[in-house]
file my_file.cif (mmCIF, C-alpha atoms and all ligand atoms)
data_structure
#
loop_
_atom_site.group_PDB
_atom_site.id
_atom_site.type_symbol
_atom_site.label_atom_id
_atom_site.label_comp_id
_atom_site.auth_asym_id
_atom_site.auth_seq_id
_atom_site.Cartn_x
_atom_site.Cartn_y
_atom_site.Cartn_z
ATOM 1 C CA MET F 1 52.616 103.613 95.964
ATOM 2 C CA LYS F 2 56.119 102.460 94.996
ATOM 3 C CA ILE F 3 57.361 99.217 96.496
ATOM 4 C CA TYR F 4 61.033 98.309 96.625
ATOM 5 C CA ILE F 5 61.979 94.751 95.701
ATOM 6 C CA ASN F 6 65.689 93.955 95.355
ATOM 7 C CA GLY F 7 66.691 97.428 94.250
ATOM 8 C CA LYS F 8 63.819 98.112 91.838
ATOM 9 C CA PHE F 9 60.506 99.899 92.357
ATOM 10 C CA TYR F 10 57.120 98.397 91.431
ATOM 11 C CA SER F 11 53.542 99.648 91.659
ATOM 12 C CA LYS F 12 51.306 98.081 94.303
ATOM 13 C CA GLU F 13 49.641 95.973 91.589
ATOM 14 C CA LYS F 14 52.927 94.726 90.128
ATOM 15 C CA ALA F 15 54.825 94.149 93.380
ATOM 16 C CA ALA F 16 54.799 90.369 93.878
ATOM 17 C CA VAL F 17 56.896 87.492 95.128
ATOM 18 C CA SER F 18 57.102 83.934 93.840
ATOM 19 C CA VAL F 19 54.921 81.201 95.357
ATOM 20 C CA PHE F 20 58.215 79.323 95.747
ATOM 21 C CA ASP F 21 59.612 81.966 98.109
ATOM 22 C CA HIS F 22 60.342 80.290 101.437
ATOM 23 C CA GLY F 23 59.029 83.411 103.155
ATOM 24 C CA LEU F 24 55.591 82.305 101.949
ATOM 25 C CA LEU F 25 56.111 78.551 102.089
ATOM 26 C CA TYR F 26 57.609 78.429 105.600
ATOM 27 C CA GLY F 27 57.516 81.905 107.139
ATOM 28 C CA ASP F 28 61.256 81.769 106.573
ATOM 29 C CA GLY F 29 62.467 85.334 106.767
ATOM 30 C CA VAL F 30 62.728 88.379 109.018
ATOM 31 C CA PHE F 31 61.147 91.804 109.180
ATOM 32 C CA GLU F 32 60.973 95.199 110.834
ATOM 33 C CA GLY F 33 58.202 97.745 111.353
ATOM 34 C CA ILE F 34 59.613 101.283 111.356
ATOM 35 C CA ARG F 35 58.037 104.752 111.547
ATOM 36 C CA ALA F 36 58.862 108.009 109.811
ATOM 37 C CA TYR F 37 57.939 111.244 111.533
ATOM 38 C CA LYS F 38 58.289 114.671 109.927
ATOM 39 C CA GLY F 39 60.687 113.532 107.197
ATOM 40 C CA ARG F 40 62.923 111.480 109.469
ATOM 41 C CA ILE F 41 63.060 107.743 110.066
ATOM 42 C CA PHE F 42 62.929 107.102 113.785
ATOM 43 C CA MET F 43 65.670 104.802 115.160
ATOM 44 C CA LEU F 44 66.438 103.464 111.666
ATOM 45 C CA GLU F 45 69.917 102.180 112.510
ATOM 46 C CA ALA F 46 68.587 100.324 115.570
ATOM 47 C CA HIS F 47 65.894 98.649 113.435
ATOM 48 C CA VAL F 48 68.446 97.659 110.808
ATOM 49 C CA ASP F 49 70.747 96.278 113.528
ATOM 50 C CA ARG F 50 67.888 94.185 114.927
ATOM 51 C CA LEU F 51 67.019 92.977 111.413
ATOM 52 C CA PHE F 52 70.615 91.858 110.925
ATOM 53 C CA ASP F 53 70.587 90.108 114.310
ATOM 54 C CA SER F 54 67.336 88.303 113.429
ATOM 55 C CA ALA F 55 68.871 87.268 110.095
ATOM 56 C CA LYS F 56 72.029 86.052 111.805
ATOM 57 C CA ALA F 57 69.998 83.935 114.212
ATOM 58 C CA ILE F 58 68.257 82.144 111.334
ATOM 59 C CA ALA F 59 71.483 81.817 109.298
ATOM 60 C CA LEU F 60 70.208 84.115 106.558
ATOM 61 C CA GLU F 61 73.036 85.956 104.875
ATOM 62 C CA MET F 62 72.046 89.527 104.163
ATOM 63 C CA PRO F 63 72.521 90.535 100.533
ATOM 64 C CA MET F 64 73.625 94.084 101.421
ATOM 65 C CA THR F 65 75.388 96.088 104.131
ATOM 66 C CA ARG F 66 73.618 97.839 107.007
ATOM 67 C CA LYS F 67 74.470 101.194 105.459
ATOM 68 C CA ALA F 68 73.029 100.174 102.080
ATOM 69 C CA MET F 69 69.912 98.898 103.856
ATOM 70 C CA CYS F 70 69.411 102.262 105.599
ATOM 71 C CA GLU F 71 69.857 104.023 102.262
ATOM 72 C CA ALA F 72 67.386 101.683 100.527
ATOM 73 C CA VAL F 73 64.773 102.469 103.188
ATOM 74 C CA ALA F 74 65.370 106.214 102.797
ATOM 75 C CA LYS F 75 65.236 105.895 98.988
ATOM 76 C CA THR F 76 61.898 104.097 99.192
ATOM 77 C CA CYS F 77 60.546 106.889 101.390
ATOM 78 C CA GLN F 78 61.804 109.429 98.847
ATOM 79 C CA ALA F 79 60.113 107.536 95.998
ATOM 80 C CA ASN F 80 56.847 107.692 97.943
ATOM 81 C CA LYS F 81 57.324 111.339 99.010
ATOM 82 C CA THR F 82 56.927 110.147 102.584
ATOM 83 C CA VAL F 83 56.960 112.636 105.432
ATOM 84 C CA ASP F 84 55.061 110.572 108.024
ATOM 85 C CA GLY F 85 54.602 106.894 107.431
ATOM 86 C CA TYR F 86 54.945 103.311 108.427
ATOM 87 C CA ILE F 87 57.711 101.272 106.819
ATOM 88 C CA ARG F 88 57.684 97.492 106.538
ATOM 89 C CA LEU F 89 61.140 96.110 105.810
ATOM 90 C CA ILE F 90 61.118 92.416 104.903
ATOM 91 C CA VAL F 91 63.876 89.994 103.994
ATOM 92 C CA THR F 92 62.674 86.574 102.862
ATOM 93 C CA ARG F 93 64.829 83.500 102.382
ATOM 94 C CA GLY F 94 64.050 83.772 98.677
ATOM 95 C CA VAL F 95 62.937 81.415 95.942
ATOM 96 C CA GLY F 96 63.785 77.748 96.479
ATOM 97 C CA THR F 97 62.381 74.271 96.025
ATOM 98 C CA LEU F 98 59.376 72.832 97.872
ATOM 99 C CA GLY F 99 61.631 71.164 100.447
ATOM 100 C CA LEU F 100 62.467 72.750 103.810
ATOM 101 C CA ASN F 101 66.156 73.131 103.004
ATOM 102 C CA PRO F 102 66.801 76.895 103.103
ATOM 103 C CA PHE F 103 70.093 76.483 101.263
ATOM 104 C CA THR F 104 68.232 75.746 98.031
ATOM 105 C CA CYS F 105 67.243 79.426 98.126
ATOM 106 C CA LEU F 106 69.950 81.261 96.293
ATOM 107 C CA LYS F 107 69.061 84.877 96.886
ATOM 108 C CA PRO F 108 67.202 86.564 99.756
ATOM 109 C CA GLN F 109 64.514 89.019 98.684
ATOM 110 C CA VAL F 110 64.555 92.505 100.180
ATOM 111 C CA ILE F 111 61.146 94.172 100.163
ATOM 112 C CA ILE F 112 60.339 97.650 101.455
ATOM 113 C CA ILE F 113 56.768 98.897 101.706
ATOM 114 C CA VAL F 114 55.885 102.388 102.884
ATOM 115 C CA ALA F 115 52.300 102.930 103.958
ATOM 116 C CA SER F 116 50.459 104.333 106.930
ATOM 117 C CA ILE F 117 49.336 102.644 110.099
ATOM 118 C CA GLN F 118 47.017 103.562 112.903
ATOM 119 C CA LEU F 119 46.890 100.646 115.235
ATOM 120 C CA TYR F 120 44.485 102.195 117.723
ATOM 121 C CA PRO F 121 42.092 105.131 117.415
ATOM 122 C CA GLU F 122 42.782 108.309 119.457
ATOM 123 C CA GLN F 123 39.982 107.296 121.834
ATOM 124 C CA ASP F 124 42.058 104.316 123.012
ATOM 125 C CA TYR F 125 44.937 106.643 123.955
ATOM 126 C CA ARG F 126 42.504 108.773 125.984
ATOM 127 C CA ASP F 127 40.710 105.854 127.668
ATOM 128 C CA GLY F 128 43.340 103.103 127.732
ATOM 129 C CA LEU F 129 43.147 99.604 126.287
ATOM 130 C CA LYS F 130 41.225 96.609 127.567
ATOM 131 C CA VAL F 131 43.527 93.611 127.625
ATOM 132 C CA VAL F 132 43.293 89.911 128.531
ATOM 133 C CA THR F 133 45.926 87.289 129.224
ATOM 134 C CA ALA F 134 46.098 84.801 126.374
ATOM 135 C CA GLY F 135 46.047 81.048 126.961
ATOM 136 C CA THR F 136 48.589 80.751 124.157
ATOM 137 C CA ILE F 137 52.026 81.068 125.721
ATOM 138 C CA ARG F 138 55.034 82.701 124.083
ATOM 139 C CA ASN F 139 57.329 80.430 122.073
ATOM 140 C CA MET F 140 60.041 78.699 124.072
ATOM 141 C CA GLN F 141 63.415 80.363 123.678
ATOM 142 C CA GLU F 142 65.064 77.163 122.554
ATOM 143 C CA ALA F 143 62.279 76.551 120.034
ATOM 144 C CA VAL F 144 61.862 79.751 117.995
ATOM 145 C CA ASN F 145 63.470 82.429 120.132
ATOM 146 C CA PRO F 146 60.999 85.322 120.525
ATOM 147 C CA ASN F 147 63.919 87.755 120.174
ATOM 148 C CA ILE F 148 63.951 86.851 116.476
ATOM 149 C CA LYS F 149 61.538 89.061 114.553
ATOM 150 C CA SER F 150 60.700 86.398 112.013
ATOM 151 C CA LEU F 151 58.008 86.177 109.362
ATOM 152 C CA ASN F 152 56.315 83.463 111.402
ATOM 153 C CA TYR F 153 54.010 85.377 113.726
ATOM 154 C CA LEU F 154 51.485 82.595 114.342
ATOM 155 C CA ASN F 155 52.352 82.486 118.047
ATOM 156 C CA ASN F 156 51.348 86.137 118.357
ATOM 157 C CA ILE F 157 48.405 85.820 115.977
ATOM 158 C CA LEU F 158 46.882 82.986 118.018
ATOM 159 C CA ALA F 159 47.056 85.207 121.099
ATOM 160 C CA LYS F 160 45.619 88.153 119.132
ATOM 161 C CA ILE F 161 42.661 85.978 118.089
ATOM 162 C CA GLU F 162 42.011 85.220 121.747
ATOM 163 C CA ALA F 163 42.090 88.940 122.569
ATOM 164 C CA ILE F 164 39.633 89.827 119.824
ATOM 165 C CA ASN F 165 37.318 86.937 120.734
ATOM 166 C CA ALA F 166 37.298 88.283 124.292
ATOM 167 C CA GLY F 167 36.305 91.767 123.058
ATOM 168 C CA CYS F 168 39.781 93.191 123.658
ATOM 169 C CA LYS F 169 42.355 94.650 121.273
ATOM 170 C CA GLU F 170 45.452 93.198 122.859
ATOM 171 C CA ALA F 171 46.545 90.165 124.829
ATOM 172 C CA ILE F 172 49.297 89.724 127.375
ATOM 173 C CA MET F 173 51.424 86.671 126.712
ATOM 174 C CA LEU F 174 53.144 84.635 129.414
ATOM 175 C CA ASN F 175 56.301 82.614 128.866
ATOM 176 C CA PRO F 176 56.458 78.832 129.408
ATOM 177 C CA GLN F 177 57.361 79.452 133.083
ATOM 178 C CA GLY F 178 54.203 81.533 133.564
ATOM 179 C CA PHE F 179 55.974 84.891 133.814
ATOM 180 C CA VAL F 180 54.839 87.956 131.902
ATOM 181 C CA SER F 181 56.528 88.288 128.542
ATOM 182 C CA GLU F 182 54.895 90.995 126.419
ATOM 183 C CA ALA F 183 51.790 91.778 124.370
ATOM 184 C CA THR F 184 51.271 90.350 120.860
ATOM 185 C CA GLY F 185 52.963 93.279 119.139
ATOM 186 C CA ASP F 186 54.112 95.482 121.991
ATOM 187 C CA ASN F 187 56.303 95.350 125.082
ATOM 188 C CA ILE F 188 54.804 95.903 128.535
ATOM 189 C CA PHE F 189 55.632 98.095 131.533
ATOM 190 C CA ALA F 190 54.180 98.480 135.026
ATOM 191 C CA VAL F 191 54.456 101.604 137.187
ATOM 192 C CA LYS F 192 54.376 101.423 140.988
ATOM 193 C CA GLY F 193 55.301 104.620 142.787
ATOM 194 C CA ASN F 194 58.605 105.812 141.355
ATOM 195 C CA VAL F 195 59.509 102.350 140.028
ATOM 196 C CA ILE F 196 58.904 101.353 136.422
ATOM 197 C CA ARG F 197 59.334 97.669 135.631
ATOM 198 C CA THR F 198 59.464 95.728 132.404
ATOM 199 C CA PRO F 199 60.229 92.027 131.944
ATOM 200 C CA PRO F 200 63.821 91.282 130.885
ATOM 201 C CA THR F 201 64.079 90.183 127.263
ATOM 202 C CA SER F 202 65.065 86.752 128.643
ATOM 203 C CA SER F 203 61.403 86.462 129.712
ATOM 204 C CA GLY F 204 60.610 85.937 126.035
ATOM 205 C CA ALA F 205 59.946 89.472 124.869
ATOM 206 C CA LEU F 206 61.138 91.060 121.669
ATOM 207 C CA ILE F 207 64.072 93.411 122.281
ATOM 208 C CA GLY F 208 61.794 96.340 121.561
ATOM 209 C CA ILE F 209 63.224 99.555 120.208
ATOM 210 C CA THR F 210 60.416 101.667 121.673
ATOM 211 C CA ARG F 211 60.991 99.758 124.933
ATOM 212 C CA ALA F 212 64.659 100.843 124.995
ATOM 213 C CA VAL F 213 63.791 104.462 124.140
ATOM 214 C CA VAL F 214 61.103 104.577 126.850
ATOM 215 C CA MET F 215 63.487 103.075 129.423
ATOM 216 C CA ASP F 216 65.972 105.876 128.640
ATOM 217 C CA ILE F 217 63.304 108.580 128.720
ATOM 218 C CA ALA F 218 61.948 107.305 132.039
ATOM 219 C CA THR F 219 65.435 107.120 133.582
ATOM 220 C CA ASP F 220 66.146 110.688 132.449
ATOM 221 C CA ALA F 221 62.818 111.755 133.950
ATOM 222 C CA GLY F 222 64.003 110.462 137.351
ATOM 223 C CA PHE F 223 62.179 107.126 137.552
ATOM 224 C CA ASP F 224 63.786 103.972 138.889
ATOM 225 C CA VAL F 225 63.619 101.751 135.785
ATOM 226 C CA ARG F 226 64.146 98.030 136.271
ATOM 227 C CA GLU F 227 64.127 94.927 134.123
ATOM 228 C CA GLU F 228 62.633 92.309 136.413
ATOM 229 C CA VAL F 229 60.868 88.997 136.057
ATOM 230 C CA MET F 230 57.181 89.797 136.498
ATOM 231 C CA THR F 231 53.980 87.937 137.245
ATOM 232 C CA ARG F 232 50.416 88.966 136.506
ATOM 233 C CA TYR F 233 50.123 89.935 140.186
ATOM 234 C CA ASP F 234 52.638 92.732 139.486
ATOM 235 C CA LEU F 235 50.424 93.983 136.659
ATOM 236 C CA TYR F 236 47.111 93.727 138.540
ATOM 237 C CA THR F 237 48.503 95.650 141.509
ATOM 238 C CA ALA F 238 50.403 98.322 139.542
ATOM 239 C CA ASP F 239 49.410 101.989 139.606
ATOM 240 C CA GLU F 240 49.700 102.033 135.833
ATOM 241 C CA VAL F 241 50.404 99.577 133.028
ATOM 242 C CA PHE F 242 51.336 100.618 129.520
ATOM 243 C CA LEU F 243 52.448 99.060 126.247
ATOM 244 C CA THR F 244 55.181 100.271 123.901
ATOM 245 C CA GLY F 245 55.762 99.577 120.217
ATOM 246 C CA THR F 246 56.627 101.241 116.949
ATOM 247 C CA ALA F 247 53.020 101.265 115.782
ATOM 248 C CA ALA F 248 51.317 101.856 119.153
ATOM 249 C CA GLU F 249 54.020 104.198 120.583
ATOM 250 C CA VAL F 250 53.072 104.422 124.293
ATOM 251 C CA ILE F 251 49.531 103.396 125.241
ATOM 252 C CA ALA F 252 47.896 102.835 128.626
ATOM 253 C CA VAL F 253 46.189 99.613 129.693
ATOM 254 C CA SER F 254 43.033 100.450 131.649
ATOM 255 C CA LEU F 255 41.623 96.982 132.240
ATOM 256 C CA LEU F 256 43.467 93.651 132.465
ATOM 257 C CA ASP F 257 41.598 90.368 132.960
ATOM 258 C CA ALA F 258 38.606 92.366 134.241
ATOM 259 C CA ARG F 259 40.752 94.125 136.868
ATOM 260 C CA LYS F 260 40.923 97.901 136.670
ATOM 261 C CA ILE F 261 44.515 99.078 136.555
ATOM 262 C CA GLY F 262 44.843 101.927 139.070
ATOM 263 C CA ASN F 263 41.639 103.924 138.779
ATOM 264 C CA GLY F 264 40.910 102.462 135.339
ATOM 265 C CA LYS F 265 42.121 105.520 133.446
ATOM 266 C CA PRO F 266 45.488 106.292 131.819
ATOM 267 C CA GLY F 267 47.768 107.529 134.585
ATOM 268 C CA LYS F 268 50.023 110.546 134.714
ATOM 269 C CA VAL F 269 53.293 108.642 134.323
ATOM 270 C CA THR F 270 52.048 106.986 131.121
ATOM 271 C CA ARG F 271 50.833 110.327 129.797
ATOM 272 C CA LYS F 272 54.139 111.979 130.615
ATOM 273 C CA LEU F 273 56.189 109.260 128.884
ATOM 274 C CA GLU F 274 53.800 109.298 125.919
ATOM 275 C CA THR F 275 54.336 113.049 125.513
ATOM 276 C CA ILE F 276 58.136 112.897 125.843
ATOM 277 C CA PHE F 277 58.261 109.921 123.453
ATOM 278 C CA ARG F 278 56.244 111.713 120.748
ATOM 279 C CA ARG F 279 58.365 114.830 121.106
ATOM 280 C CA LEU F 280 61.535 112.771 120.653
ATOM 281 C CA ALA F 281 60.100 110.766 117.742
ATOM 282 C CA GLU F 282 59.157 113.973 115.963
ATOM 283 C CA SER F 283 62.541 115.624 116.441
ATOM 284 C CA SER F 284 65.132 112.935 115.703
ATOM 285 C CA GLY F 285 65.955 110.219 113.203
ATOM 286 C CA TYR F 286 67.594 109.431 109.878
ATOM 287 C CA PRO F 287 66.793 112.202 107.391
ATOM 288 C CA ILE F 288 64.878 111.079 104.284
ATOM 289 C CA TYR F 289 65.607 114.282 102.401
ATOM 290 C CA LYS F 290 69.199 115.461 102.645
HETATM 291 N N1 LIG I 301 56.874 92.696 120.648
HETATM 292 C C1 LIG I 301 56.560 92.152 119.464
HETATM 293 C C2 LIG I 301 56.222 90.721 119.404
HETATM 294 C C3 LIG I 301 56.553 92.951 118.315
HETATM 295 O O1 LIG I 301 56.247 92.429 117.130
HETATM 296 C C4 LIG I 301 57.180 94.852 119.680
HETATM 297 C C5 LIG I 301 57.189 94.007 120.786
HETATM 298 C C6 LIG I 301 57.578 96.281 119.870
HETATM 299 O O2 LIG I 301 58.893 96.489 119.352
HETATM 300 P P1 LIG I 301 59.344 97.874 118.740
HETATM 301 O O3 LIG I 301 60.745 97.653 118.340
HETATM 302 O O4 LIG I 301 58.435 98.166 117.580
HETATM 303 O O5 LIG I 301 59.214 98.881 119.819
HETATM 304 C C7 LIG I 301 56.884 94.327 118.423
HETATM 305 C C8 LIG I 301 56.876 95.187 117.202
HETATM 306 C C9 LIG I 301 51.501 95.583 114.215
HETATM 307 C C10 LIG I 301 52.935 95.896 114.408
HETATM 308 O O6 LIG I 301 51.054 95.708 113.070
HETATM 309 C C11 LIG I 301 53.640 95.342 115.447
HETATM 310 C C12 LIG I 301 54.999 95.648 115.627
HETATM 311 C C13 LIG I 301 55.628 96.480 114.805
HETATM 312 C C14 LIG I 301 54.907 97.023 113.777
HETATM 313 C C15 LIG I 301 53.554 96.730 113.557
HETATM 314 O O7 LIG I 301 50.814 95.221 115.176
HETATM 315 N N2 LIG I 301 55.611 95.039 116.627
#
call {"tool": "encode", "arguments": {"input": "my_file.cif", "output": "structure tokens", "more": "lines below"}}
Ligand code: PXG
result
Amino acid sequence: MKIYINGKFYSKEKAAVSVFDHGLLYGDGVFEGIRAYKGRIFMLEAHVDRLFDSAKAIALEMPMTRKAMCEAVAKTCQANKTVDGYIRLIVTRGVGTLGLNPFTCLKPQVIIIVASIQLYPEQDYRDGLKVVTAGTIRNMQEAVNPNIKSLNYLNNILAKIEAINAGCKEAIMLNPQGFVSEATGDNIFAVKGNVIRTPPTSSGALIGITRAVVMDIATDAGFDVREEVMTRYDLYTADEVFLTGTAAEVIAVSLLDARKIGNGKPGKVTRKLETIFRRLAESSGYPIYK
């Protein structure tokens, strides 16, 4: 495995950051999780745009252009002979002093790791996921805005711990107003008849790239796709509920807070969108090998 750090490649054993990096000391940094399918990086430019937006929001000045960032990701895939893979792109604030002041950090660190990921086994795609609502609410937007994909994921991790303790793999998170926001690492959708709803990103969800792709696919497939404020009632009474994310792709929720969703099995709309999504993911993207 070859890991990119600031323009150079290191083996897995040698790839390391300083204990004075504010990414470690304070979770001060931003990241992206990206997938490569069949030699192409899916939605790379959109991920890089979101990374730059996250960086902007935390006043982190990127050390390279968007184009150079895309090329660095592709180069790292080339170095690893990647055809299918999972890419973790990280920008930390960099090495500084032990104080909070981010401006003591002179140079952000750009790290690119290419590995593989299987979030859920195939069985979960066939049967659907069991999910609970977490007691931990999503961060307030005027605290750490959940639209920022920062290195501080404790809000999501606390909810994930609740899910696992409840025997589930995912948790639904509500925002401070009690409306549905998203899952810990995925966006959420509910299907009712021909209408497909997802909470607006102002409900405290990440501006998911898979979410946007699925909204387009569903619109093209003739569904009435809406961003609407949602409550758990809307999820419990939906025909189908599914999650979307780079790692999970499109996956059905079969049980939520001990309520069966629909008949408790992945529904046909979810399956249809899952199929169209995979087909698109496997036939588009930024070429690794030119
Ligand atoms: N919400 C949150 C909080 C996320 O972290 C998504 C939604 C889905 O967004 P995209 O753009 O990927 O459709 C994410 C992304 C993991 C893992 O290991 C999670 C994500 C990405 C990669 C890996 O669970 N989450």
call {"tool": "residues_around", "arguments": {"input": "my_file.cif", "residues": "Ile288 in chain F", "least_positions_apart": "6", "cutoff": "7 Å", "atoms": "all atoms listed in the file", "output": "ChimeraX atom specification"}}
result
/F:39-41,74,77-78
call {"tool": "axis_aligned_box", "arguments": {"input": "my_file.cif", "around": "ligand LIG 301 (chain I)", "padding_each_side": "4 Å", "output": "JSON"}}
result
{"center_x": 55.8, "center_y": 94.8, "center_z": 116.9, "size_x": 17.9, "size_y": 16.2, "size_z": 15.7}
call {"tool": "closest_atom_pairs", "arguments": {"input": "my_file.cif", "of": "chain F", "to": "ligand LIG 301 (chain I)", "cutoff": "9 Å", "atoms": "all atoms listed in the file", "output": "JSON lines"}}
result
{"residue": "F:Glu32", "atom": "CA", "partner": "I:LIG301", "partner_atom": "C13", "distance": 6.8}
{"residue": "F:Gly33", "atom": "CA", "partner": "I:LIG301", "partner_atom": "C14", "distance": 4.2}
{"residue": "F:Ile34", "atom": "CA", "partner": "I:LIG301", "partner_atom": "C14", "distance": 6.8}
{"residue": "F:Arg35", "atom": "CA", "partner": "I:LIG301", "partner_atom": "C14", "distance": 8.6}
{"residue": "F:Ala46", "atom": "CA", "partner": "I:LIG301", "partner_atom": "O3", "distance": 8.7}
{"residue": "F:His47", "atom": "CA", "partner": "I:LIG301", "partner_atom": "O3", "distance": 7.2}
{"residue": "F:Arg50", "atom": "CA", "partner": "I:LIG301", "partner_atom": "O3", "distance": 8.6}
{"residue": "F:Tyr86", "atom": "CA", "partner": "I:LIG301", "partner_atom": "C14", "distance": 8.3}
{"residue": "F:Ile87", "atom": "CA", "partner": "I:LIG301", "partner_atom": "C14", "distance": 8.6}
{"residue": "F:Arg88", "atom": "CA", "partner": "I:LIG301", "partner_atom": "C14", "distance": 7.8}
{"residue": "F:Ile117", "atom": "CA", "partner": "I:LIG301", "partner_atom": "O6", "distance": 7.7}
{"residue": "F:Gln118", "atom": "CA", "partner": "I:LIG301", "partner_atom": "O6", "distance": 8.8}
{"residue": "F:Leu119", "atom": "CA", "partner": "I:LIG301", "partner_atom": "O7", "distance": 6.7}
{"residue": "F:Pro146", "atom": "CA", "partner": "I:LIG301", "partner_atom": "C2", "distance": 7.3}
{"residue": "F:Asn147", "atom": "CA", "partner": "I:LIG301", "partner_atom": "C2", "distance": 8.3}
{"residue": "F:Lys149", "atom": "CA", "partner": "I:LIG301", "partner_atom": "O1", "distance": 6.8}
{"residue": "F:Tyr153", "atom": "CA", "partner": "I:LIG301", "partner_atom": "C2", "distance": 8.1}
{"residue": "F:Asn156", "atom": "CA", "partner": "I:LIG301", "partner_atom": "C2", "distance": 6.8}
{"residue": "F:Glu182", "atom": "CA", "partner": "I:LIG301", "partner_atom": "N1", "distance": 6.3}
{"residue": "F:Ala183", "atom": "CA", "partner": "I:LIG301", "partner_atom": "N1", "distance": 6.4}
{"residue": "F:Thr184", "atom": "CA", "partner": "I:LIG301", "partner_atom": "C2", "distance": 5.2}
{"residue": "F:Gly185", "atom": "CA", "partner": "I:LIG301", "partner_atom": "C3", "distance": 3.7}
{"residue": "F:Asp186", "atom": "CA", "partner": "I:LIG301", "partner_atom": "C5", "distance": 3.6}
{"residue": "F:Asn187", "atom": "CA", "partner": "I:LIG301", "partner_atom": "C5", "distance": 4.6}
{"residue": "F:Ile188", "atom": "CA", "partner": "I:LIG301", "partner_atom": "C5", "distance": 8.3}
{"residue": "F:Ala205", "atom": "CA", "partner": "I:LIG301", "partner_atom": "N1", "distance": 6.1}
{"residue": "F:Leu206", "atom": "CA", "partner": "I:LIG301", "partner_atom": "N1", "distance": 4.7}
{"residue": "F:Ile207", "atom": "CA", "partner": "I:LIG301", "partner_atom": "O3", "distance": 6.7}
{"residue": "F:Gly208", "atom": "CA", "partner": "I:LIG301", "partner_atom": "O3", "distance": 3.6}
{"residue": "F:Ile209", "atom": "CA", "partner": "I:LIG301", "partner_atom": "O3", "distance": 3.6}
{"residue": "F:Thr210", "atom": "CA", "partner": "I:LIG301", "partner_atom": "O5", "distance": 3.6}
{"residue": "F:Arg211", "atom": "CA", "partner": "I:LIG301", "partner_atom": "O5", "distance": 5.5}
{"residue": "F:Ala212", "atom": "CA", "partner": "I:LIG301", "partner_atom": "O5", "distance": 7.8}
{"residue": "F:Val213", "atom": "CA", "partner": "I:LIG301", "partner_atom": "O5", "distance": 8.4}
{"residue": "F:Leu243", "atom": "CA", "partner": "I:LIG301", "partner_atom": "C6", "distance": 8.6}
{"residue": "F:Thr244", "atom": "CA", "partner": "I:LIG301", "partner_atom": "O5", "distance": 5.9}
{"residue": "F:Gly245", "atom": "CA", "partner": "I:LIG301", "partner_atom": "O5", "distance": 3.5}
{"residue": "F:Thr246", "atom": "CA", "partner": "I:LIG301", "partner_atom": "O4", "distance": 3.6}
{"residue": "F:Ala247", "atom": "CA", "partner": "I:LIG301", "partner_atom": "C14", "distance": 5.1}
{"residue": "F:Ala248", "atom": "CA", "partner": "I:LIG301", "partner_atom": "O7", "distance": 7.8}
{"residue": "F:Glu249", "atom": "CA", "partner": "I:LIG301", "partner_atom": "O5", "distance": 7.5}
call {"tool": "residues_around", "arguments": {"input": "my_file.cif", "residues": "Lys75 in chain F", "least_positions_apart": "2", "cutoff": "12 Å", "atoms": "all atoms listed in the file", "output": "MDAnalysis selection string"}}
result
chainID F and resid 2:4 7:9 41 68:73 77:82 87 112:114 286:290
call {"tool": "residues_around", "arguments": {"input": "my_file.cif", "residues": "Arg126 in chain F", "least_positions_apart": "6", "cutoff": "12 Å", "atoms": "all atoms listed in the file", "output": "JSON, numbers by chain"}}
result
{"F": [120, 250, 251, 252, 253, 254, 264, 265, 266, 267, 268, 270, 271, 274]}
call {"tool": "closest_residue", "arguments": {"input": "my_file.cif", "among": "F:Val195, F:Leu25, F:Val17, F:Ile5", "to": "Thr97 in chain F", "atoms": "only C-alpha atoms"}}
result
F:Leu25
